[in-house]
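**Q** This is target-v2.txt (compact mmCIF, C-alpha atoms).
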```txt
# COMPACT_ATOMS: atom_id res chain seq x y z
CA MET A 244 8.26 -1.32 15.14
CA PRO A 245 10.80 -3.08 17.40
CA PHE A 246 14.01 -4.29 15.82
CA VAL A 247 13.19 -7.95 16.56
CA PHE A 248 10.02 -7.76 14.48
CA VAL A 249 11.82 -5.98 11.64
CA LEU A 250 14.47 -8.67 11.66
CA ALA A 251 11.91 -11.50 11.80
CA PHE A 252 9.79 -10.11 8.96
CA GLY A 253 12.91 -9.41 6.90
CA VAL A 254 14.27 -12.94 7.32
CA PHE A 255 10.87 -14.53 6.65
CA GLY A 256 10.33 -12.36 3.57
CA ALA A 257 13.79 -13.17 2.20
CA LEU A 258 13.31 -16.91 2.78
CA ALA A 259 9.90 -16.86 1.11
CA ALA A 260 11.34 -14.94 -1.85
CA LEU A 261 14.16 -17.49 -2.16
CA LEU A 262 11.63 -20.34 -2.18
CA ALA A 263 9.56 -18.52 -4.80
CA VAL A 264 12.62 -18.17 -7.03
CA SER A 265 13.52 -21.83 -6.48
CA ASN A 266 10.03 -22.90 -7.53
CA ALA A 267 10.16 -20.61 -10.56
CA VAL A 268 13.43 -22.26 -11.64
CA GLN A 269 11.77 -25.68 -11.30
CA VAL A 270 8.94 -24.46 -13.54
CA PHE A 271 11.48 -23.33 -16.13
CA PHE A 272 13.60 -26.50 -16.12
CA GLY A 273 10.83 -29.01 -15.43
CA ARG A 274 12.87 -31.01 -12.96
CA GLN A 275 13.23 -31.04 -9.20
CA LEU A 276 16.29 -29.19 -7.89
CA VAL A 277 16.59 -30.91 -4.51
CA LYS A 278 16.93 -34.72 -4.66
CA PRO A 279 15.84 -35.06 -8.31
CA SER A 280 16.34 -38.84 -8.27
CA ALA A 281 13.78 -39.24 -5.47
CA SER A 282 11.01 -37.51 -7.42
CA ARG A 283 8.33 -39.69 -9.02
CA ARG A 284 6.35 -36.77 -10.40
CA THR A 285 6.11 -36.15 -14.12
CA PRO A 286 7.64 -32.93 -15.46
CA ARG A 287 4.15 -31.64 -16.22
CA GLN A 288 3.00 -32.25 -12.64
CA LEU A 289 6.20 -30.76 -11.23
CA ARG A 290 5.79 -27.62 -13.34
CA ALA A 291 2.15 -27.16 -12.30
CA GLU A 292 2.84 -27.67 -8.59
CA SER A 293 5.95 -25.48 -8.67
CA ALA A 294 4.11 -22.65 -10.43
CA ALA A 295 1.35 -22.66 -7.81
CA ALA A 296 3.90 -22.87 -4.99
CA ALA A 297 5.89 -19.99 -6.50
CA VAL A 298 2.77 -17.80 -6.46
CA ALA A 299 2.06 -18.78 -2.85
CA MET A 300 5.63 -18.04 -1.75
CA PHE A 301 5.60 -14.71 -3.59
CA GLY A 302 2.46 -13.85 -1.64
CA ALA A 303 4.15 -14.82 1.63
CA SER A 304 7.16 -12.67 0.76
CA LEU A 305 4.94 -9.75 -0.20
CA THR A 306 3.04 -10.10 3.07
CA ALA A 307 6.23 -10.14 5.17
CA PHE A 308 7.83 -7.19 3.40
CA GLY A 309 4.44 -5.44 3.36
CA PHE A 310 4.41 -5.34 7.14
CA LEU A 311 7.71 -3.48 7.01
CA VAL A 312 6.51 -1.00 4.37
CA GLY A 313 2.96 -0.54 5.67
CA GLY A 314 -0.18 0.37 3.83
CA LEU A 315 -2.21 -2.28 2.03
CA TRP A 316 0.79 -4.41 1.02
CA PRO A 317 0.20 -7.10 3.69
CA ALA A 318 -3.41 -7.52 2.55
CA ALA A 319 -2.34 -7.76 -1.10
CA GLY A 320 0.30 -10.33 -0.18
CA ALA A 321 -2.17 -12.38 1.84
CA LEU A 322 -4.57 -12.39 -1.12
CA VAL A 323 -1.83 -13.60 -3.50
CA LEU A 324 -0.81 -16.21 -0.91
CA LEU A 325 -4.40 -17.43 -0.65
CA PHE A 326 -4.78 -17.74 -4.43
CA GLY A 327 -1.48 -19.64 -4.67
CA TRP A 328 -2.50 -22.06 -1.94
CA ILE A 329 -5.87 -22.69 -3.57
CA ALA A 330 -4.15 -23.24 -6.93
CA LEU A 331 -1.74 -25.72 -5.33
CA ALA A 332 -4.64 -27.66 -3.78
CA VAL A 333 -6.48 -27.76 -7.12
CA VAL A 334 -3.38 -28.92 -9.00
CA ARG A 335 -2.63 -31.67 -6.48
CA ARG A 336 -6.25 -32.84 -6.52
CA HIS A 337 -6.22 -32.92 -10.32
CA PHE A 338 -3.07 -35.01 -10.54
CA ALA A 339 -4.23 -37.32 -7.74
CA ALA A 340 -7.43 -37.95 -9.70
CA VAL A 341 -5.43 -38.65 -12.87
CA VAL A 342 -3.23 -41.17 -11.06
CA ALA A 343 -6.27 -42.82 -9.45
CA ASP A 344 -7.99 -43.11 -12.84
CA ALA A 345 -4.86 -44.63 -14.36
CA ALA A 346 -4.66 -47.18 -11.53
CA VAL A 347 -8.27 -48.23 -12.11
CA ILE A 348 -7.80 -48.53 -15.87
CA GLY A 349 -4.42 -50.23 -15.52
CA VAL A 350 -2.39 -47.72 -17.49
CA THR A 351 1.32 -47.64 -16.70
CA SER A 352 2.07 -44.20 -18.13
CA VAL A 353 0.32 -41.37 -16.29
CA GLU A 354 -0.07 -38.19 -18.33
CA PRO A 355 -3.08 -35.91 -17.84
CA GLU A 356 -5.15 -34.99 -20.83
```
Would you mind giving the structure from this file in structure tokens?
**A**
Amino acid sequence: MPFVFVLAFGVFGALAALLAVSNAVQVFFGRQLVKPSASRRTPRQLRAESAAAAVAMFGASLTAFGFLVGGLWPAAGALVLLFGWIALAVVRRHFAAVVADAAVIGVTSVEPE
């Protein structure tokens, strides 16, 4: 494999791993690390979205490093990435529905059941 591709996959894999760790820290603390004052999400919503994003970023990192290692690692990483992305879509849809229901009912505090 040419050096440019090795470098590109290495940088992409490292960046994806860093984002996965950042999301995992947000799950642990329950607050946004970057611009926490600008966030209007509840800690429960932030934890759910960050957990799904951490899985997706781990899959992206596994895919990138898998291309360097070879074998079935890229396919395994792509599968993990797909599951993380689907989980993130489901979580966002769930919390959007909860907020929409609260707006219809007129509730000021939005906490899912």
**Q** Which is closer to Gly256 of chain A than all the others in A:Met244, A:Ala297, A:Leu289, A:Ala307, using all atoms listed in the file?
**A**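 Smallest distance to Gly256 of chain A is found for A:Ala307.
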**Q** So how far away is atom CA of Phe255 of chain A from atom CA of Ala291 of chain A, in Å?
**A**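 Calculated distance between atom CA of Ala291 of chain A and atom CA of Phe255 of chain A is 24.4 Å.
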**Q** Would you tabulate, counting only C-alpha atoms, all residues of segment 267-307 of chain A that have an atom at most 8 Å from an atom of segment 329-338 of chain A, showing the closest pair of atoms and their distance in Å to one decimal, sorted by chain then ascending number, as CSV?
**A**
```
residue,atom,partner,partner_atom,distance
A:Gln288,CA,A:Phe338,CA,7.0
A:Ala291,CA,A:Val334,CA,6.7
A:Glu292,CA,A:Leu331,CA,6.0
A:Ala295,CA,A:Leu331,CA,5.0
A:Ala296,CA,A:Leu331,CA,6.3
```
**Q** Just give me the gap between atom CA of Val249 of chain A and atom CA of Ala321 of chain A in Å, one decimal is fine.
**A**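 Computing the Euclidean distance for atom CA of Val249 of chain A and atom CA of Ala321 of chain A yields 18.2 Å.
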**Q** Do you have the atom CA of Leu325 of chain A-atom CA of Met300 of chain A distance handy?
**A**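 Going from atom CA of Leu325 of chain A over to atom CA of Met300 of chain A, I get 10.1 Å.
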**Q** In terms of the shortest atom-to-atom distance over all atoms listed in the file, which of A:Arg287, A:Ser282, A:Ala303, A:Leu322 is closest to Val270 of chain A?
**A**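 That would be A:Arg287, the residue with the smallest distance to Val270 of chain A.
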**Q** Counting all atoms listed in the file, select every polymer residue within 10 Å of (10.2, 0.6, 10.5) as defined in the file's coordinates, and provide the selection as a VMD selection string.
**A** chain A and resid 244 to 246 248 to 249 310 to 313
